[in-house]
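The file work03.pdb comes next; it holds PDB, C-alpha atoms and all ligand atoms.
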```
ATOM      1  CA  MET A 109      70.833  33.179  48.314  1.00  0.00           C
ATOM      2  CA  LYS A 110      71.446  32.330  44.703  1.00  0.00           C
ATOM      3  CA  ASN A 111      68.885  33.570  42.259  1.00  0.00           C
ATOM      4  CA  ARG A 112      67.534  30.199  41.173  1.00  0.00           C
ATOM      5  CA  ILE A 113      65.010  31.456  38.615  1.00  0.00           C
ATOM      6  CA  PHE A 114      67.509  33.753  36.927  1.00  0.00           C
ATOM      7  CA  GLU A 115      70.119  30.995  36.875  1.00  0.00           C
ATOM      8  CA  ARG A 116      67.668  28.580  35.305  1.00  0.00           C
ATOM      9  CA  CYS A 117      66.921  31.010  32.479  1.00  0.00           C
ATOM     10  CA  VAL A 118      70.658  31.623  31.930  1.00  0.00           C
ATOM     11  CA  GLY A 119      71.206  27.854  31.908  1.00  0.00           C
ATOM     12  CA  GLU A 120      68.503  27.266  29.298  1.00  0.00           C
ATOM     13  CA  LEU A 121      69.710  30.115  27.090  1.00  0.00           C
ATOM     14  CA  SER A 122      73.305  28.945  27.208  1.00  0.00           C
ATOM     15  CA  ARG A 123      72.262  25.599  25.713  1.00  0.00           C
ATOM     16  CA  LEU A 124      71.549  27.413  22.442  1.00  0.00           C
ATOM     17  CA  PRO A 125      74.224  27.311  19.731  1.00  0.00           C
ATOM     18  CA  GLY A 126      76.593  30.252  19.828  1.00  0.00           C
ATOM     19  CA  ILE A 127      75.382  31.445  23.236  1.00  0.00           C
ATOM     20  CA  GLY A 128      78.008  31.338  25.966  1.00  0.00           C
ATOM     21  CA  ARG A 129      77.317  32.067  29.621  1.00  0.00           C
ATOM     22  CA  LYS A 130      78.191  35.744  29.286  1.00  0.00           C
ATOM     23  CA  THR A 131      75.735  36.259  26.446  1.00  0.00           C
ATOM     24  CA  ALA A 132      73.113  34.196  28.278  1.00  0.00           C
ATOM     25  CA  VAL A 133      73.388  36.468  31.319  1.00  0.00           C
ATOM     26  CA  ARG A 134      73.075  39.542  29.096  1.00  0.00           C
ATOM     27  CA  LEU A 135      70.005  38.098  27.333  1.00  0.00           C
ATOM     28  CA  ALA A 136      68.347  37.058  30.593  1.00  0.00           C
ATOM     29  CA  LEU A 137      68.873  40.552  32.024  1.00  0.00           C
ATOM     30  CA  HIS A 138      67.508  42.046  28.821  1.00  0.00           C
ATOM     31  CA  LEU A 139      64.389  39.860  29.076  1.00  0.00           C
ATOM     32  CA  LEU A 140      63.972  40.841  32.724  1.00  0.00           C
ATOM     33  CA  LYS A 141      64.011  44.523  31.805  1.00  0.00           C
ATOM     34  CA  SER A 142      61.776  44.072  28.759  1.00  0.00           C
ATOM     35  CA  ASP A 143      58.063  44.638  28.497  1.00  0.00           C
ATOM     36  CA  ALA A 144      56.147  41.626  29.914  1.00  0.00           C
ATOM     37  CA  GLN A 145      54.150  41.196  26.693  1.00  0.00           C
ATOM     38  CA  LEU A 146      57.295  41.049  24.575  1.00  0.00           C
ATOM     39  CA  VAL A 147      58.692  38.239  26.727  1.00  0.00           C
ATOM     40  CA  LYS A 148      55.362  36.420  26.620  1.00  0.00           C
ATOM     41  CA  ASN A 149      55.250  36.697  22.823  1.00  0.00           C
ATOM     42  CA  LEU A 150      58.773  35.332  22.559  1.00  0.00           C
ATOM     43  CA  ALA A 151      58.031  32.355  24.812  1.00  0.00           C
ATOM     44  CA  GLU A 152      54.784  31.627  22.976  1.00  0.00           C
ATOM     45  CA  SER A 153      56.396  31.841  19.548  1.00  0.00           C
ATOM     46  CA  MET A 154      59.062  29.347  20.584  1.00  0.00           C
ATOM     47  CA  THR A 155      56.500  26.899  21.933  1.00  0.00           C
ATOM     48  CA  GLU A 156      54.364  27.299  18.822  1.00  0.00           C
ATOM     49  CA  LEU A 157      57.399  26.802  16.586  1.00  0.00           C
ATOM     50  CA  LYS A 158      58.184  23.522  18.266  1.00  0.00           C
ATOM     51  CA  GLU A 159      54.595  22.298  18.326  1.00  0.00           C
ATOM     52  CA  LYS A 160      53.439  23.324  14.872  1.00  0.00           C
ATOM     53  CA  THR A 161      56.436  23.418  12.562  1.00  0.00           C
ATOM     54  CA  VAL A 162      57.638  20.251  10.883  1.00  0.00           C
ATOM     55  CA  PHE A 163      60.066  19.359   8.128  1.00  0.00           C
ATOM     56  CA  CYS A 164      58.390  18.838   4.744  1.00  0.00           C
ATOM     57  CA  LYS A 165      58.246  15.125   4.025  1.00  0.00           C
ATOM     58  CA  VAL A 166      59.029  15.713   0.364  1.00  0.00           C
ATOM     59  CA  CYS A 167      61.924  18.197   0.408  1.00  0.00           C
ATOM     60  CA  GLY A 168      62.927  18.746   4.050  1.00  0.00           C
ATOM     61  CA  ASN A 169      61.993  22.443   4.112  1.00  0.00           C
ATOM     62  CA  LEU A 170      60.222  23.913   7.142  1.00  0.00           C
ATOM     63  CA  ALA A 171      56.473  23.509   6.891  1.00  0.00           C
ATOM     64  CA  GLU A 172      53.289  23.990   8.859  1.00  0.00           C
ATOM     65  CA  GLU A 173      51.659  21.109   7.034  1.00  0.00           C
ATOM     66  CA  PRO A 174      53.185  17.735   6.125  1.00  0.00           C
ATOM     67  CA  ILE A 175      54.120  19.173   2.705  1.00  0.00           C
ATOM     68  CA  CYS A 176      55.652  22.667   2.454  1.00  0.00           C
ATOM     69  CA  HIS A 177      54.244  25.574   0.445  1.00  0.00           C
ATOM     70  CA  ILE A 178      56.954  25.274  -2.213  1.00  0.00           C
ATOM     71  CA  CYS A 179      56.290  21.578  -2.904  1.00  0.00           C
ATOM     72  CA  GLN A 180      52.563  22.333  -2.998  1.00  0.00           C
ATOM     73  CA  ASP A 181      52.987  25.115  -5.551  1.00  0.00           C
ATOM     74  CA  GLY A 182      52.300  23.700  -9.017  1.00  0.00           C
ATOM     75  CA  TYR A 183      54.092  26.616 -10.712  1.00  0.00           C
ATOM     76  CA  ARG A 184      57.353  25.547  -9.115  1.00  0.00           C
ATOM     77  CA  LYS A 185      57.367  22.187 -10.849  1.00  0.00           C
ATOM     78  CA  ASN A 186      59.456  23.513 -13.737  1.00  0.00           C
ATOM     79  CA  GLY A 187      61.902  20.604 -13.829  1.00  0.00           C
ATOM     80  CA  GLN A 188      64.545  22.386 -11.751  1.00  0.00           C
ATOM     81  CA  LEU A 189      65.584  21.094  -8.356  1.00  0.00           C
ATOM     82  CA  CYS A 190      68.079  22.903  -6.158  1.00  0.00           C
ATOM     83  CA  VAL A 191      69.983  20.797  -3.644  1.00  0.00           C
ATOM     84  CA  VAL A 192      70.991  22.498  -0.389  1.00  0.00           C
ATOM     85  CA  GLU A 193      72.620  21.299   2.807  1.00  0.00           C
ATOM     86  CA  GLU A 194      70.131  22.622   5.333  1.00  0.00           C
ATOM     87  CA  ALA A 195      66.621  24.068   5.392  1.00  0.00           C
ATOM     88  CA  LYS A 196      68.062  27.456   6.376  1.00  0.00           C
ATOM     89  CA  ASP A 197      69.733  27.692   2.961  1.00  0.00           C
ATOM     90  CA  ILE A 198      66.287  27.722   1.356  1.00  0.00           C
ATOM     91  CA  PHE A 199      65.485  30.971   3.182  1.00  0.00           C
ATOM     92  CA  VAL A 200      68.585  32.589   1.740  1.00  0.00           C
ATOM     93  CA  LEU A 201      67.911  31.422  -1.814  1.00  0.00           C
ATOM     94  CA  GLU A 202      64.228  32.343  -1.623  1.00  0.00           C
ATOM     95  CA  ASN A 203      65.190  35.879  -0.590  1.00  0.00           C
ATOM     96  CA  THR A 204      66.940  36.369  -3.916  1.00  0.00           C
ATOM     97  CA  GLY A 205      63.641  35.549  -5.649  1.00  0.00           C
ATOM     98  CA  PHE A 206      65.586  34.200  -8.609  1.00  0.00           C
ATOM     99  CA  PHE A 207      65.024  30.484  -8.288  1.00  0.00           C
ATOM    100  CA  ARG A 208      61.527  29.302  -9.109  1.00  0.00           C
ATOM    101  CA  GLY A 209      61.944  25.531  -8.964  1.00  0.00           C
ATOM    102  CA  LEU A 210      61.874  22.970  -6.176  1.00  0.00           C
ATOM    103  CA  TYR A 211      64.361  22.256  -3.401  1.00  0.00           C
ATOM    104  CA  HIS A 212      65.872  19.230  -1.765  1.00  0.00           C
ATOM    105  CA  VAL A 213      67.484  19.398   1.683  1.00  0.00           C
ATOM    106  CA  LEU A 214      70.310  16.917   2.222  1.00  0.00           C
ATOM    107  CA  GLY A 215      70.284  17.313   5.989  1.00  0.00           C
ATOM    108  CA  GLY A 216      74.025  18.005   6.207  1.00  0.00           C
ATOM    109  CA  ARG A 217      77.124  17.454   4.144  1.00  0.00           C
ATOM    110  CA  ILE A 218      79.769  14.808   3.746  1.00  0.00           C
ATOM    111  CA  SER A 219      82.310  15.340   6.507  1.00  0.00           C
ATOM    112  CA  PRO A 220      84.542  12.364   7.331  1.00  0.00           C
ATOM    113  CA  LEU A 221      86.005  14.214  10.326  1.00  0.00           C
ATOM    114  CA  ASP A 222      82.551  14.438  11.872  1.00  0.00           C
ATOM    115  CA  GLY A 223      81.743  10.880  10.848  1.00  0.00           C
ATOM    116  CA  ILE A 224      79.128  11.999   8.308  1.00  0.00           C
ATOM    117  CA  GLY A 225      79.036   9.966   5.121  1.00  0.00           C
ATOM    118  CA  PRO A 226      76.716   9.924   2.082  1.00  0.00           C
ATOM    119  CA  GLN A 227      74.487   7.348   3.786  1.00  0.00           C
ATOM    120  CA  ASP A 228      73.646   9.930   6.463  1.00  0.00           C
ATOM    121  CA  LEU A 229      72.273  12.363   3.887  1.00  0.00           C
ATOM    122  CA  SER A 230      68.980  12.342   2.026  1.00  0.00           C
ATOM    123  CA  ILE A 231      70.532  11.171  -1.240  1.00  0.00           C
ATOM    124  CA  ASP A 232      68.388   8.087  -1.938  1.00  0.00           C
ATOM    125  CA  ARG A 233      65.331  10.267  -1.555  1.00  0.00           C
ATOM    126  CA  LEU A 234      66.855  12.777  -3.995  1.00  0.00           C
ATOM    127  CA  LEU A 235      67.283  10.061  -6.617  1.00  0.00           C
ATOM    128  CA  GLU A 236      63.701   8.893  -6.091  1.00  0.00           C
ATOM    129  CA  ARG A 237      62.447  12.424  -6.561  1.00  0.00           C
ATOM    130  CA  ILE A 238      64.413  12.960  -9.761  1.00  0.00           C
ATOM    131  CA  ALA A 239      62.775   9.919 -11.272  1.00  0.00           C
ATOM    132  CA  ALA A 240      59.288  10.561  -9.882  1.00  0.00           C
ATOM    133  CA  GLU A 241      58.974  14.315 -10.352  1.00  0.00           C
ATOM    134  CA  GLY A 242      60.259  14.762 -13.887  1.00  0.00           C
ATOM    135  CA  ILE A 243      63.362  16.691 -12.820  1.00  0.00           C
ATOM    136  CA  THR A 244      65.525  17.846 -15.750  1.00  0.00           C
ATOM    137  CA  GLU A 245      68.133  19.974 -13.970  1.00  0.00           C
ATOM    138  CA  VAL A 246      69.706  19.533 -10.555  1.00  0.00           C
ATOM    139  CA  ILE A 247      71.408  22.674  -9.273  1.00  0.00           C
ATOM    140  CA  ILE A 248      73.904  21.930  -6.533  1.00  0.00           C
ATOM    141  CA  ALA A 249      74.028  24.760  -3.996  1.00  0.00           C
ATOM    142  CA  THR A 250      76.117  23.272  -1.222  1.00  0.00           C
ATOM    143  CA  ASN A 251      78.365  25.661   0.691  1.00  0.00           C
ATOM    144  CA  PRO A 252      81.645  26.584  -1.048  1.00  0.00           C
ATOM    145  CA  ASP A 253      83.935  25.087   1.592  1.00  0.00           C
ATOM    146  CA  ILE A 254      85.771  21.757   1.629  1.00  0.00           C
ATOM    147  CA  GLU A 255      82.865  19.665   2.948  1.00  0.00           C
ATOM    148  CA  GLY A 256      80.397  21.400   0.645  1.00  0.00           C
ATOM    149  CA  GLU A 257      82.639  20.843  -2.387  1.00  0.00           C
ATOM    150  CA  THR A 258      83.196  17.196  -1.422  1.00  0.00           C
ATOM    151  CA  THR A 259      79.449  16.753  -1.212  1.00  0.00           C
ATOM    152  CA  ALA A 260      78.937  18.474  -4.576  1.00  0.00           C
ATOM    153  CA  ILE A 261      81.483  16.207  -6.277  1.00  0.00           C
ATOM    154  CA  TYR A 262      79.917  13.134  -4.734  1.00  0.00           C
ATOM    155  CA  LEU A 263      76.464  14.198  -5.897  1.00  0.00           C
ATOM    156  CA  SER A 264      77.670  14.916  -9.411  1.00  0.00           C
ATOM    157  CA  LYS A 265      79.006  11.355  -9.627  1.00  0.00           C
ATOM    158  CA  VAL A 266      75.798   9.857  -8.297  1.00  0.00           C
ATOM    159  CA  LEU A 267      73.738  11.958 -10.702  1.00  0.00           C
ATOM    160  CA  LYS A 268      75.801  11.066 -13.739  1.00  0.00           C
ATOM    161  CA  ASN A 269      73.830   8.958 -16.205  1.00  0.00           C
ATOM    162  CA  LYS A 270      70.553   9.807 -14.503  1.00  0.00           C
ATOM    163  CA  GLY A 271      69.448  11.798 -17.525  1.00  0.00           C
ATOM    164  CA  VAL A 272      69.537  15.180 -15.772  1.00  0.00           C
ATOM    165  CA  ARG A 273      71.592  18.286 -16.341  1.00  0.00           C
ATOM    166  CA  VAL A 274      73.772  18.842 -13.271  1.00  0.00           C
ATOM    167  CA  THR A 275      74.871  22.388 -12.539  1.00  0.00           C
ATOM    168  CA  LYS A 276      76.515  24.103  -9.633  1.00  0.00           C
ATOM    169  CA  ILE A 277      76.028  27.663  -8.457  1.00  0.00           C
ATOM    170  CA  ALA A 278      78.878  29.851  -9.687  1.00  0.00           C
ATOM    171  CA  SER A 279      81.895  30.569  -7.567  1.00  0.00           C
ATOM    172  CA  GLY A 280      80.618  34.124  -6.970  1.00  0.00           C
ATOM    173  CA  VAL A 281      80.018  32.829  -3.485  1.00  0.00           C
ATOM    174  CA  PRO A 282      83.413  33.395  -1.871  1.00  0.00           C
ATOM    175  CA  ILE A 283      85.225  30.260  -0.738  1.00  0.00           C
ATOM    176  CA  GLY A 284      84.661  29.558   2.911  1.00  0.00           C
ATOM    177  CA  THR A 285      81.591  31.772   3.127  1.00  0.00           C
ATOM    178  CA  ASN A 286      78.421  29.996   4.112  1.00  0.00           C
ATOM    179  CA  LEU A 287      75.360  30.688   2.009  1.00  0.00           C
ATOM    180  CA  GLU A 288      73.609  32.292   4.955  1.00  0.00           C
ATOM    181  CA  TYR A 289      76.238  35.044   5.133  1.00  0.00           C
ATOM    182  CA  THR A 290      76.286  35.705   1.399  1.00  0.00           C
ATOM    183  CA  ASP A 291      74.486  38.824   0.277  1.00  0.00           C
ATOM    184  CA  GLU A 292      71.490  38.397  -1.972  1.00  0.00           C
ATOM    185  CA  LEU A 293      73.009  40.029  -5.048  1.00  0.00           C
ATOM    186  CA  THR A 294      76.046  37.742  -4.939  1.00  0.00           C
ATOM    187  CA  LEU A 295      73.819  34.731  -4.555  1.00  0.00           C
ATOM    188  CA  PHE A 296      71.533  35.926  -7.336  1.00  0.00           C
ATOM    189  CA  LYS A 297      74.535  36.180  -9.665  1.00  0.00           C
ATOM    190  CA  ALA A 298      75.901  32.829  -8.495  1.00  0.00           C
ATOM    191  CA  MET A 299      72.607  31.206  -9.356  1.00  0.00           C
ATOM    192  CA  GLU A 300      72.314  33.007 -12.692  1.00  0.00           C
ATOM    193  CA  GLN A 301      75.884  32.144 -13.725  1.00  0.00           C
ATOM    194  CA  ARG A 302      75.719  28.548 -12.592  1.00  0.00           C
ATOM    195  CA  THR A 303      77.911  26.215 -14.553  1.00  0.00           C
ATOM    196  CA  GLU A 304      77.757  22.665 -15.823  1.00  0.00           C
ATOM    197  CA  PHE A 305      79.302  20.403 -13.265  1.00  0.00           C
ATOM    198  CA  HIS A 306      82.705  18.983 -14.180  1.00  0.00           C
ATOM    199  CA  ASP A 307      84.473  17.014 -11.519  1.00  0.00           C
TER     200      ASP A 307
HETATM  201 ZN    ZN B 401      58.730  20.694   0.511  1.00  0.00          ZN
END
```
Go through the file and emit its structure as structure tokens.
Amino acid sequence: MKNRIFERCVGELSRLPGIGRKTAVRLALHLLKSDAQLVKNLAESMTELKEKTVFCKVCGNLAEEPICHICQDGYRKNGQLCVVEEAKDIFVLENTGFFRGLYHVLGGRISPLDGIGPQDLSIDRLLERIAAEGITEVIIATNPDIEGETTAIYLSKVLKNKGVRVTKIASGVPIGTNLEYTDELTLFKAMEQRTEFHD
């Protein structure tokens, strides 16, 4: 008889990004052999994540309240706003500890091949925020690949004549390397040596 319960767990795990059937089987076996409390904690943390974590309605960061801790922090309203593709990029930049301003999550990047255009990104909201929150510098920190660069160029055009300084993190981030795989020192330098945007 087929092991229905085991197969169900493998099936659920293999729905996750980057998890093929082989890995799912390995993970399910690992869970089976693990301490019962550890598995319980994992299951509970996933349920809690889904039930209690939302995306900040101002910037798009992860939050446990409608507005995230960064947007709520008065000290971070220093006029700087860093634009990233996804909320996960905020984690990476926060780890460097260098940037002390606000963030804005676009929710993706311009990618004609995937049918994603500027209208699918949170760009109108970005423009509203620049006007409403006294932003003086927009730092573009999209990924240094073709889609990220396309998005950066588009943003720089949209932001022209909006009365803000537009900069881009330096090319210390190697081309084709996503921000999440860039080490903190490189990212720290890229942020420090950011340049005026010229398209
Ligand atoms: Zn926020």
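Among the candidates A:Leu287, A:Leu140, A:Val266, A:Val272, the one nearest to A:Met299 when counting all atoms listed in the file is A:Leu287.
Residues matched by the PyMOL selection byres (((chain A and resi 175) around 6) and not hetatm) in this file are Cys164, Lys165, Glu173, Pro174 and Cys176 of chain A.
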Which residues, named as in the file, does the PyMOL selection byres (((chain A and resi 233-249) around 6) and not hetatm) pick out? Answer as a tab-separated table (two decimals) with C-alpha atoms, in the coordinates of the input.
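What follows is the written file expr-v3.tsv:
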```
chain	number	residue	atom	x	y	z
A	187	GLY	CA	61.90	20.60	-13.83
A	188	GLN	CA	64.54	22.39	-11.75
A	189	LEU	CA	65.58	21.09	-8.36
A	190	CYS	CA	68.08	22.90	-6.16
A	191	VAL	CA	69.98	20.80	-3.64
A	192	VAL	CA	70.99	22.50	-0.39
A	230	SER	CA	68.98	12.34	2.03
A	231	ILE	CA	70.53	11.17	-1.24
A	232	ASP	CA	68.39	8.09	-1.94
A	250	THR	CA	76.12	23.27	-1.22
A	272	VAL	CA	69.54	15.18	-15.77
A	273	ARG	CA	71.59	18.29	-16.34
A	274	VAL	CA	73.77	18.84	-13.27
A	275	THR	CA	74.87	22.39	-12.54
A	276	LYS	CA	76.52	24.10	-9.63
A	277	ILE	CA	76.03	27.66	-8.46
```
Just the number, please: distance in Å from atom CA of A:Gln180 to atom CA of A:Glu194, one decimal.
19.4 Å
Give the residues close to ligand ZN 401 (chain B), within 8 Å, counting all atoms listed in the file; write them as a list in words.
Phe163, Cys164, Lys165, Val166, Cys167, Gly168, Asn169, Leu170, Ala171, Ile175, Cys176, His177, Ile178, Cys179, Gln180, Leu210, Tyr211 and His212 of chain A
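Note that the spacing between atom CA of A:Val147 and atom CA of A:Leu135 amounts to 11.3 Å.
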Can you measure atom CA of A:Arg134 to atom CA of A:Lys196 for me? One decimal in Å is fine.
26.2 Å
Tell me which of A:Glu292, A:Glu172, A:Asp228, A:Asp143 sits closest to A:Asn203, counting all atoms listed in the file.
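Selected residue with least distance to A:Asn203: A:Glu292.
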Where atoms are lacking, stretch 162-178 of chain A completed to N, CA, C and O atoms, as a compact mmCIF listing (two decimals), keeping the file's coordinate frame:
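To be explicit, this is the file written out as rebuild-v2.txt:
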```
# COMPACT_ATOMS: atom_id res chain seq x y z
N VAL A 162 57.03 21.55 11.17
CA VAL A 162 57.64 20.25 10.88
C VAL A 162 58.57 20.40 9.68
O VAL A 162 58.64 21.47 9.08
N PHE A 163 59.26 19.35 9.34
CA PHE A 163 60.07 19.36 8.13
C PHE A 163 59.26 18.67 7.03
O PHE A 163 58.71 17.59 7.23
N CYS A 164 59.16 19.35 5.89
CA CYS A 164 58.39 18.84 4.74
C CYS A 164 58.82 17.41 4.41
O CYS A 164 60.01 17.14 4.29
N LYS A 165 57.86 16.53 4.27
CA LYS A 165 58.25 15.12 4.03
C LYS A 165 58.71 14.87 2.60
O LYS A 165 59.25 13.81 2.30
N VAL A 166 58.52 15.87 1.74
CA VAL A 166 59.03 15.71 0.36
C VAL A 166 60.45 16.27 0.27
O VAL A 166 61.37 15.58 -0.15
N CYS A 167 60.63 17.54 0.67
CA CYS A 167 61.92 18.20 0.41
C CYS A 167 62.77 18.48 1.64
O CYS A 167 63.96 18.75 1.53
N GLY A 168 62.15 18.46 2.84
CA GLY A 168 62.93 18.75 4.05
C GLY A 168 62.88 20.20 4.48
O GLY A 168 63.51 20.58 5.46
N ASN A 169 62.15 21.03 3.74
CA ASN A 169 61.99 22.44 4.11
C ASN A 169 61.13 22.55 5.38
O ASN A 169 60.44 21.60 5.74
N LEU A 170 61.13 23.71 6.02
CA LEU A 170 60.22 23.91 7.14
C LEU A 170 58.80 24.01 6.60
O LEU A 170 58.58 24.56 5.53
N ALA A 171 57.85 23.49 7.37
CA ALA A 171 56.47 23.51 6.89
C ALA A 171 55.52 23.50 8.07
O ALA A 171 55.85 23.05 9.17
N GLU A 172 54.33 24.04 7.82
CA GLU A 172 53.29 23.99 8.86
C GLU A 172 52.27 22.91 8.54
O GLU A 172 51.30 22.72 9.27
N GLU A 173 52.47 22.26 7.42
CA GLU A 173 51.66 21.11 7.03
C GLU A 173 52.66 20.02 6.65
O GLU A 173 53.83 20.31 6.49
N PRO A 174 52.21 18.78 6.45
CA PRO A 174 53.18 17.74 6.12
C PRO A 174 54.02 18.06 4.87
O PRO A 174 55.18 17.68 4.78
N ILE A 175 53.39 18.80 3.92
CA ILE A 175 54.12 19.17 2.70
C ILE A 175 54.22 20.70 2.65
O ILE A 175 53.22 21.40 2.84
N CYS A 176 55.43 21.22 2.38
CA CYS A 176 55.65 22.67 2.45
C CYS A 176 54.98 23.42 1.30
O CYS A 176 54.56 22.84 0.31
N HIS A 177 54.93 24.75 1.45
CA HIS A 177 54.24 25.57 0.44
C HIS A 177 54.93 25.53 -0.91
O HIS A 177 54.30 25.69 -1.94
N ILE A 178 56.24 25.31 -0.92
CA ILE A 178 56.95 25.27 -2.21
C ILE A 178 56.60 23.98 -2.96
O ILE A 178 56.28 24.01 -4.14
```
